[in-house]
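Student: Okay, so here is coords00.pdb, and as you'll see once you scroll down, it has PDB, C-alpha atoms.
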ATOM      1  CA  MET Z   1     -17.447  11.988 -11.462
ATOM      2  CA  LYS Z   2     -14.906  12.406 -14.244
ATOM      3  CA  ARG Z   3     -14.272   9.370 -16.421
ATOM      4  CA  PHE Z   4     -10.731   8.059 -16.447
ATOM      5  CA  ASP Z   5      -8.672   6.756 -19.358
ATOM      6  CA  VAL Z   6      -6.454   3.945 -18.106
ATOM      7  CA  SER Z   7      -3.900   4.894 -20.768
ATOM      8  CA  VAL Z   8      -2.927   7.789 -18.460
ATOM      9  CA  LEU Z   9      -0.974   5.198 -16.476
ATOM     10  CA  MET Z  10       2.449   4.270 -17.796
ATOM     11  CA  THR Z  11       1.836   0.953 -19.546
ATOM     12  CA  ASP Z  12       5.069  -0.742 -18.455
ATOM     13  CA  GLU Z  13       4.582   0.291 -14.833
ATOM     14  CA  LEU Z  14       0.984  -0.859 -14.757
ATOM     15  CA  ARG Z  15       1.899  -4.190 -16.315
ATOM     16  CA  ALA Z  16       4.729  -4.705 -13.812
ATOM     17  CA  PHE Z  17       2.412  -3.849 -10.932
ATOM     18  CA  LEU Z  18      -0.318  -6.243 -12.050
ATOM     19  CA  GLN Z  19       2.283  -8.985 -12.502
ATOM     20  CA  GLY Z  20       3.499  -8.418  -8.955
ATOM     21  CA  ALA Z  21       6.917  -7.215 -10.068
ATOM     22  CA  HIS Z  22       6.798  -3.475  -9.298
ATOM     23  CA  PRO Z  23       9.103  -2.352  -6.444
ATOM     24  CA  ASP Z  24       7.078   0.764  -5.615
ATOM     25  CA  PRO Z  25       3.288   0.317  -5.618
ATOM     26  CA  PHE Z  26       2.990   3.925  -4.427
ATOM     27  CA  ARG Z  27       3.779   4.912  -8.031
ATOM     28  CA  ILE Z  28       0.435   3.407  -8.991
ATOM     29  CA  LEU Z  29      -1.724   3.463  -5.864
ATOM     30  CA  GLY Z  30      -2.809   6.166  -3.440
ATOM     31  CA  PRO Z  31      -3.310   9.878  -4.194
ATOM     32  CA  HIS Z  32      -1.739  11.455  -7.289
ATOM     33  CA  ARG Z  33      -1.932  15.047  -8.429
ATOM     34  CA  LEU Z  34      -3.414  15.707 -11.879
ATOM     35  CA  ARG Z  35      -3.597  19.458 -12.464
ATOM     36  CA  ASP Z  36      -6.205  20.785  -9.984
ATOM     37  CA  ASP Z  37      -7.566  17.359  -9.081
ATOM     38  CA  VAL Z  38      -6.362  14.364  -7.080
ATOM     39  CA  LEU Z  39      -6.638  10.848  -8.480
ATOM     40  CA  VAL Z  40      -6.921   8.095  -5.874
ATOM     41  CA  ARG Z  41      -6.146   4.581  -7.088
ATOM     42  CA  VAL Z  42      -6.988   1.481  -5.073
ATOM     43  CA  PHE Z  43      -6.163  -2.137  -5.915
ATOM     44  CA  ARG Z  44      -8.533  -4.532  -4.175
ATOM     45  CA  PRO Z  45      -9.253  -7.791  -6.029
ATOM     46  CA  ASP Z  46     -11.730  -8.692  -3.267
ATOM     47  CA  ALA Z  47     -13.817  -5.535  -3.799
ATOM     48  CA  ARG Z  48     -17.090  -5.239  -5.665
ATOM     49  CA  GLU Z  49     -17.264  -1.487  -5.030
ATOM     50  CA  VAL Z  50     -14.873   1.137  -3.675
ATOM     51  CA  SER Z  51     -15.684   4.710  -2.689
ATOM     52  CA  ILE Z  52     -13.732   7.575  -1.146
ATOM     53  CA  LYS Z  53     -15.094   9.544   1.814
ATOM     54  CA  LEU Z  54     -13.574  12.983   2.372
ATOM     55  CA  ASP Z  55     -12.910  14.002   5.966
ATOM     56  CA  GLN Z  56     -13.447  17.699   5.341
ATOM     57  CA  ASN Z  57     -17.097  17.573   4.316
ATOM     58  CA  GLY Z  58     -18.149  13.928   4.520
ATOM     59  CA  SER Z  59     -18.846  13.702   0.803
ATOM     60  CA  VAL Z  60     -18.506  10.281  -0.812
ATOM     61  CA  VAL Z  61     -16.966   9.842  -4.256
ATOM     62  CA  PRO Z  62     -17.536   6.476  -5.968
ATOM     63  CA  ALA Z  63     -14.497   4.926  -7.603
ATOM     64  CA  GLU Z  64     -14.578   3.530 -11.115
ATOM     65  CA  LYS Z  65     -13.203   0.066 -11.790
ATOM     66  CA  ILE Z  66     -10.651   0.710 -14.513
ATOM     67  CA  GLN Z  67      -9.022  -2.717 -14.717
ATOM     68  CA  GLY Z  68     -10.580  -6.134 -14.378
ATOM     69  CA  GLU Z  69      -8.285  -7.549 -11.707
ATOM     70  CA  GLY Z  70      -9.428  -4.969  -9.173
ATOM     71  CA  LEU Z  71      -7.895  -1.562  -9.922
ATOM     72  CA  PHE Z  72     -10.235   1.297  -8.979
ATOM     73  CA  GLN Z  73      -9.848   5.044  -9.368
ATOM     74  CA  ALA Z  74     -11.734   8.084  -8.107
ATOM     75  CA  THR Z  75     -11.236  11.723  -9.047
ATOM     76  CA  LEU Z  76     -11.334  14.198  -6.170
ATOM     77  CA  GLU Z  77     -11.978  17.509  -7.856
ATOM     78  CA  LYS Z  78     -10.265  20.692  -6.676
ATOM     79  CA  CYS Z  79      -8.575  19.016  -3.711
ATOM     80  CA  PRO Z  80      -5.028  19.277  -2.327
ATOM     81  CA  ARG Z  81      -2.873  16.167  -2.703
ATOM     82  CA  ASP Z  82      -2.780  15.629   1.070
ATOM     83  CA  VAL Z  83      -6.572  15.715   1.410
ATOM     84  CA  PRO Z  84      -7.537  13.300   4.236
ATOM     85  CA  TYR Z  85      -9.916  10.518   3.239
ATOM     86  CA  THR Z  86     -11.044   7.003   4.066
ATOM     87  CA  LEU Z  87     -11.778   4.069   1.793
ATOM     88  CA  LYS Z  88     -15.139   2.340   1.902
ATOM     89  CA  ILE Z  89     -14.788  -1.139   0.435
ATOM     90  CA  LYS Z  90     -17.695  -3.454  -0.350
ATOM     91  CA  ARG Z  91     -16.402  -6.980  -0.853
ATOM     92  CA  TRP Z  92     -17.837  -9.636  -3.121
ATOM     93  CA  ASP Z  93     -18.859 -11.677  -0.065
ATOM     94  CA  GLY Z  94     -21.112  -8.827   1.099
ATOM     95  CA  SER Z  95     -18.913  -7.580   3.935
ATOM     96  CA  GLU Z  96     -17.700  -3.988   4.177
ATOM     97  CA  GLN Z  97     -14.483  -2.368   5.347
ATOM     98  CA  ILE Z  98     -13.796   1.274   6.176
ATOM     99  CA  THR Z  99     -10.119   2.118   6.432
ATOM    100  CA  ARG Z 100      -7.483   4.717   5.768
ATOM    101  CA  ASP Z 101      -5.520   4.177   2.568
ATOM    102  CA  PRO Z 102      -2.170   2.435   3.243
ATOM    103  CA  TYR Z 103      -0.817   4.129   0.113
ATOM    104  CA  SER Z 104      -1.506   7.675   1.292
ATOM    105  CA  TYR Z 105       1.539   7.827   3.601
ATOM    106  CA  GLY Z 106       5.046   8.956   2.742
ATOM    107  CA  VAL Z 107       8.310   7.131   3.414
ATOM    108  CA  ILE Z 108       8.442   6.240   7.103
ATOM    109  CA  MET Z 109      11.870   4.819   7.897
ATOM    110  CA  GLY Z 110      14.290   7.682   8.524
ATOM    111  CA  GLU Z 111      17.401   8.386   6.465
ATOM    112  CA  VAL Z 112      19.653   7.941   9.503
ATOM    113  CA  ASP Z 113      18.247   4.473  10.168
ATOM    114  CA  ILE Z 114      18.689   3.509   6.512
ATOM    115  CA  HIS Z 115      22.272   4.792   6.496
ATOM    116  CA  LEU Z 116      23.235   3.039   9.736
ATOM    117  CA  PHE Z 117      21.700  -0.199   8.497
ATOM    118  CA  ALA Z 118      23.599   0.013   5.202
ATOM    119  CA  GLU Z 119      26.845   0.597   7.116
ATOM    120  CA  GLY Z 120      26.174  -2.318   9.457
ATOM    121  CA  GLN Z 121      26.165   0.090  12.404
ATOM    122  CA  HIS Z 122      22.506  -0.050  13.452
ATOM    123  CA  TRP Z 123      22.309  -1.654  16.892
ATOM    124  CA  ARG Z 124      18.543  -1.486  17.419
ATOM    125  CA  LEU Z 125      17.207  -3.253  14.350
ATOM    126  CA  TYR Z 126      14.490  -4.877  16.439
ATOM    127  CA  ASP Z 127      12.974  -1.405  16.926
ATOM    128  CA  LYS Z 128      12.795  -0.726  13.187
ATOM    129  CA  PHE Z 129      12.209  -4.070  11.491
ATOM    130  CA  GLY Z 130       9.412  -6.578  11.838
ATOM    131  CA  ALA Z 131       5.971  -5.363  12.917
ATOM    132  CA  HIS Z 132       5.357  -2.479  15.309
ATOM    133  CA  LEU Z 133       2.170  -0.793  16.469
ATOM    134  CA  ARG Z 134       2.470   2.872  15.466
ATOM    135  CA  LYS Z 135       0.460   6.034  15.183
ATOM    136  CA  LEU Z 136       0.912   8.266  12.150
ATOM    137  CA  GLY Z 137      -0.953  11.498  12.713
ATOM    138  CA  ASP Z 138      -4.346  10.388  14.005
ATOM    139  CA  ASP Z 139      -4.120   6.951  12.411
ATOM    140  CA  THR Z 140      -3.190   3.850  14.408
ATOM    141  CA  GLY Z 141      -1.975   0.706  12.700
ATOM    142  CA  VAL Z 142       1.007  -1.573  12.258
ATOM    143  CA  TYR Z 143       4.255  -0.627  10.545
ATOM    144  CA  PHE Z 144       6.005  -3.486   8.745
ATOM    145  CA  ALA Z 145       9.614  -3.518   7.547
ATOM    146  CA  VAL Z 146      11.785  -6.332   6.217
ATOM    147  CA  TRP Z 147      15.103  -6.680   4.391
ATOM    148  CA  ALA Z 148      14.832  -8.568   1.096
ATOM    149  CA  PRO Z 149      17.414  -7.055  -1.279
ATOM    150  CA  ASN Z 150      16.909  -9.493  -4.164
ATOM    151  CA  ALA Z 151      13.110  -9.597  -4.167
ATOM    152  CA  GLN Z 152      11.018  -8.307  -7.050
ATOM    153  CA  ARG Z 153       8.089  -7.726  -4.741
ATOM    154  CA  VAL Z 154       7.334  -8.117  -1.035
ATOM    155  CA  SER Z 155       3.840  -8.046   0.460
ATOM    156  CA  VAL Z 156       2.322  -8.333   3.904
ATOM    157  CA  VAL Z 157      -0.239 -11.131   4.064
ATOM    158  CA  GLY Z 158      -2.446 -12.147   6.960
ATOM    159  CA  ASP Z 159      -5.939 -12.700   8.288
ATOM    160  CA  PHE Z 160      -6.714  -9.030   7.602
ATOM    161  CA  ASN Z 161      -6.380  -9.405   3.810
ATOM    162  CA  GLY Z 162      -7.264 -13.046   3.220
ATOM    163  CA  TRP Z 163      -3.569 -13.933   2.817
ATOM    164  CA  ASP Z 164      -3.699 -12.320  -0.625
ATOM    165  CA  GLY Z 165      -0.300 -10.913  -1.597
ATOM    166  CA  ARG Z 166      -1.834  -8.562  -4.147
ATOM    167  CA  VAL Z 167      -3.580  -6.422  -1.532
ATOM    168  CA  HIS Z 168      -0.734  -5.006   0.601
ATOM    169  CA  ALA Z 169       2.383  -4.802  -1.554
ATOM    170  CA  MET Z 170       5.254  -2.995   0.187
ATOM    171  CA  ARG Z 171       7.476  -0.143  -0.989
ATOM    172  CA  LYS Z 172      11.171  -0.791  -1.616
ATOM    173  CA  LEU Z 173      13.451   1.897  -0.244
ATOM    174  CA  ILE Z 174      15.784   2.183  -3.203
ATOM    175  CA  GLY Z 175      19.427   1.388  -2.554
ATOM    176  CA  SER Z 176      18.830  -0.315   0.775
ATOM    177  CA  GLY Z 177      16.983  -3.567   0.106
ATOM    178  CA  ILE Z 178      14.475  -2.535   2.789
ATOM    179  CA  TRP Z 179      10.738  -2.860   2.179
ATOM    180  CA  GLU Z 180       8.138  -1.062   4.300
ATOM    181  CA  LEU Z 181       4.401  -0.507   4.637
ATOM    182  CA  PHE Z 182       2.096   0.997   7.258
ATOM    183  CA  ILE Z 183      -1.311  -0.678   7.392
ATOM    184  CA  PRO Z 184      -3.835   1.361   9.393
ATOM    185  CA  GLY Z 185      -6.574  -0.216  11.426
ATOM    186  CA  ILE Z 186      -5.018  -3.571  12.305
ATOM    187  CA  GLY Z 187      -3.836  -4.630  15.751
ATOM    188  CA  GLU Z 188      -0.401  -5.682  16.910
ATOM    189  CA  ASN Z 189      -1.536  -9.276  17.491
ATOM    190  CA  ALA Z 190      -2.580  -9.844  13.876
ATOM    191  CA  HIS Z 191      -1.272 -13.047  12.307
ATOM    192  CA  TYR Z 192       0.904 -12.263   9.299
ATOM    193  CA  LYS Z 193       3.839 -13.268   7.137
ATOM    194  CA  PHE Z 194       5.800 -11.661   4.327
ATOM    195  CA  GLU Z 195       5.107 -12.913   0.814
ATOM    196  CA  ILE Z 196       8.209 -12.624  -1.343
ATOM    197  CA  ARG Z 197       8.457 -12.815  -5.128
ATOM    198  CA  THR Z 198      11.990 -13.671  -6.237
ATOM    199  CA  GLY Z 199      13.791 -12.423  -9.320
ATOM    200  CA  SER Z 200      12.829 -15.636 -11.121
ATOM    201  CA  GLY Z 201       9.149 -15.133 -10.298
ATOM    202  CA  ALA Z 202       8.892 -17.771  -7.570
ATOM    203  CA  ILE Z 203       6.669 -16.832  -4.621
ATOM    204  CA  PHE Z 204       7.100 -18.012  -1.044
ATOM    205  CA  LEU Z 205       6.062 -17.020   2.474
ATOM    206  CA  LYS Z 206       8.595 -15.844   5.040
ATOM    207  CA  SER Z 207       8.047 -15.609   8.772
ATOM    208  CA  ASP Z 208       9.129 -12.378  10.425
ATOM    209  CA  PRO Z 209      12.708 -12.871  11.736
ATOM    210  CA  PHE Z 210      12.034 -10.181  14.344
TER     211      PHE Z 210
END
Can you turn what I pasted into structure tokens?

Tutor:
Amino acid sequence: MKRFDVSVLMTDELRAFLQGAHPDPFRILGPHRLRDDVLVRVFRPDAREVSIKLDQNGSVVPAEKIQGEGLFQATLEKCPRDVPYTLKIKRWDGSEQITRDPYSYGVIMGEVDIHLFAEGQHWRLYDKFGAHLRKLGDDTGVYFAVWAPNAQRVSVVGDFNGWDGRVHAMRKLIGSGIWELFIPGIGENAHYKFEIRTGSGAIFLKSDPF
């Protein structure tokens, strides 16, 4: 496994992410191309160990903890950026979780939906916002979307992540005020709320209006 220098990350972006003020966690987390390799970053404060299992050959690559609050990184050598993989997470309490990486998916909400919403002409918001069971490729999970135009950060919290807003931070779709995230492996009856960090740094929980 190649060693990683955390200075490769943009300092301001990393600081904003760790402070819960970054609007696009996908800039930090998930798969990132570095020359011929792919770097996979995972932020799990509840994890003692994280490893990456490749679908193509079943090989397991241990991730290195590169930041004390729970930022891990693994180097997948000579792999395409879209290489399919699962995360194997060993928590501090001794439990384990095997899951797809929520930060390995692209933008989900379509441009037409975003445009119609911005124009106030979208008549089926209940189909796009809130929480919906979805399948992306072979992966089943729940897609979350909420409108919070003035938030610094929005996260999905629930039983599935210990109600920890650091684990499932959402992506802001720039220019729309919409935040989204697909979390694989959870069911449609999961208990959840949105955790919102305001521009002043205050944090509160919001029930899903949909």

Student: Starting from the shown file, work through the PyMOL selection byres ((chain Z and resi 205) around 8) and note down what comes out as an MDAnalysis selection string.

Tutor: chainID Z and resid 193:196 203:204 206:207

Student: Between Z:His22, Z:Val167, Z:Val146, Z:Pro31, which residue has the minimum interatomic distance to Cys79 in chain Z, considering all atoms listed in the file?

Tutor: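 Nearest to Cys79 in chain Z: Z:Pro31.
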
Student: Where does range 143-194 of chain Z meet range 84-104 of chain Z within 8 Å, residue by residue, with the nearest atom pair and distance in Å to one decimal for each, counting all atoms listed in the file, listed by chain and rising number, as CSV?

Tutor:
residue,atom,partner,partner_atom,distance
Z:Leu181,CA,Z:Pro102,CA,7.3
Z:Phe182,CA,Z:Pro102,CA,6.0
Z:Ile183,CA,Z:Pro102,CA,5.3
Z:Pro184,CA,Z:Arg100,CA,6.1
Z:Gly185,CA,Z:Thr99,CA,6.6

Student: Those same residues - C-alpha atoms - I'd like them written as a PDB file, in the frame of the given file.

Tutor:
ATOM      1  CA  LEU Z 181       4.401  -0.507   4.637  1.00  0.00           C
ATOM      2  CA  PHE Z 182       2.096   0.997   7.258  1.00  0.00           C
ATOM      3  CA  ILE Z 183      -1.311  -0.678   7.392  1.00  0.00           C
ATOM      4  CA  PRO Z 184      -3.835   1.361   9.393  1.00  0.00           C
ATOM      5  CA  GLY Z 185      -6.574  -0.216  11.426  1.00  0.00           C
TER       6      GLY Z 185
END

Student: Just the residues within 10 Å of Gln19 in chain Z, please, counting all atoms listed in the file, with nothing from its chain fewer than 6 positions along; format it as an mmCIF file with C-alpha atoms, keeping the file's coordinate frame.

Tutor:
data_model
loop_
_atom_site.group_PDB
_atom_site.id
_atom_site.type_symbol
_atom_site.label_atom_id
_atom_site.label_comp_id
_atom_site.auth_asym_id
_atom_site.auth_seq_id
_atom_site.Cartn_x
_atom_site.Cartn_y
_atom_site.Cartn_z
ATOM 1 C CA GLU Z 13 4.582 0.291 -14.833
ATOM 2 C CA ARG Z 153 8.089 -7.726 -4.741
ATOM 3 C CA ARG Z 166 -1.834 -8.562 -4.147
ATOM 4 C CA GLY Z 201 9.149 -15.133 -10.298
#

Student: How would you write, as a ChimeraX atom specification, the residues chosen by the PyMOL selection byres ((chain Z and resi 148) around 12) on this structure?

Tutor: /Z:23,129,145-147,149-155,170-180,194-199,206,208-209

Student: Using all atoms listed in the file, which of the listed residues (Z:Tyr192, Z:Leu136, Z:His168, Z:Asp82) sits closest to Ile108 in chain Z?

Tutor: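 Nearest to Ile108 in chain Z: Z:Leu136.
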
Student: Using all atoms listed in the file, which of Z:Ala47, Z:Asp55, Z:Gln73, Z:Arg15 sits nearest Leu29 in chain Z?

Tutor: Z:Gln73

Student: Would you mind telling me which residue in Z:Ala131, Z:Val156, Z:Ala202, Z:Leu125 lies nearest to Glu188 in chain Z when using only C-alpha atoms?

Tutor: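 Using only C-alpha atoms, the shortest distance to Glu188 in chain Z belongs to Z:Ala131.
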
Student: With distances taken over all atoms listed in the file, which of Z:Gly158, Z:Gly141, Z:Lys128, Z:Pro80 is nearest to Asp36 in chain Z?

Tutor: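 The answer is Z:Pro80, which sits nearest to Asp36 in chain Z.
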
Student: Name the residues that the PyMOL selection byres ((chain Z and resi 56-66) around 10) picks from the file above, as a ChimeraX atom specification, using the file's chain letters and numbers.

Tutor: /Z:1-6,39-43,47-55,67-77,83-88

Student: Please compute the CA of Arg124 in chain Z-CA of Val107 in chain Z distance, one decimal, in Å.

Tutor: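 Between these atoms lies a distance of 19.4 Å.
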
Student: Take CA of His122 in chain Z and CA of Val142 in chain Z and report the distance between them in Å, one decimal.

Tutor: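 Separation between CA of His122 in chain Z and CA of Val142 in chain Z: 21.6 Å.
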
Student: CA of Trp123 in chain Z and CA of Tyr105 in chain Z, how far apart in Å?

Tutor: 26.4 Å

Student: Would you give the centre and edge lengths, in Å to one decimal, of a box along x, y and z around the listed atoms of range 49-58 of chain Z, with 5 Å added to each side, as AutoDock Vina command-line options?

Tutor:
--center_x -15.5 --center_y 8.1 --center_z 0.5 --size_x 15.2 --size_y 29.2 --size_z 21.0
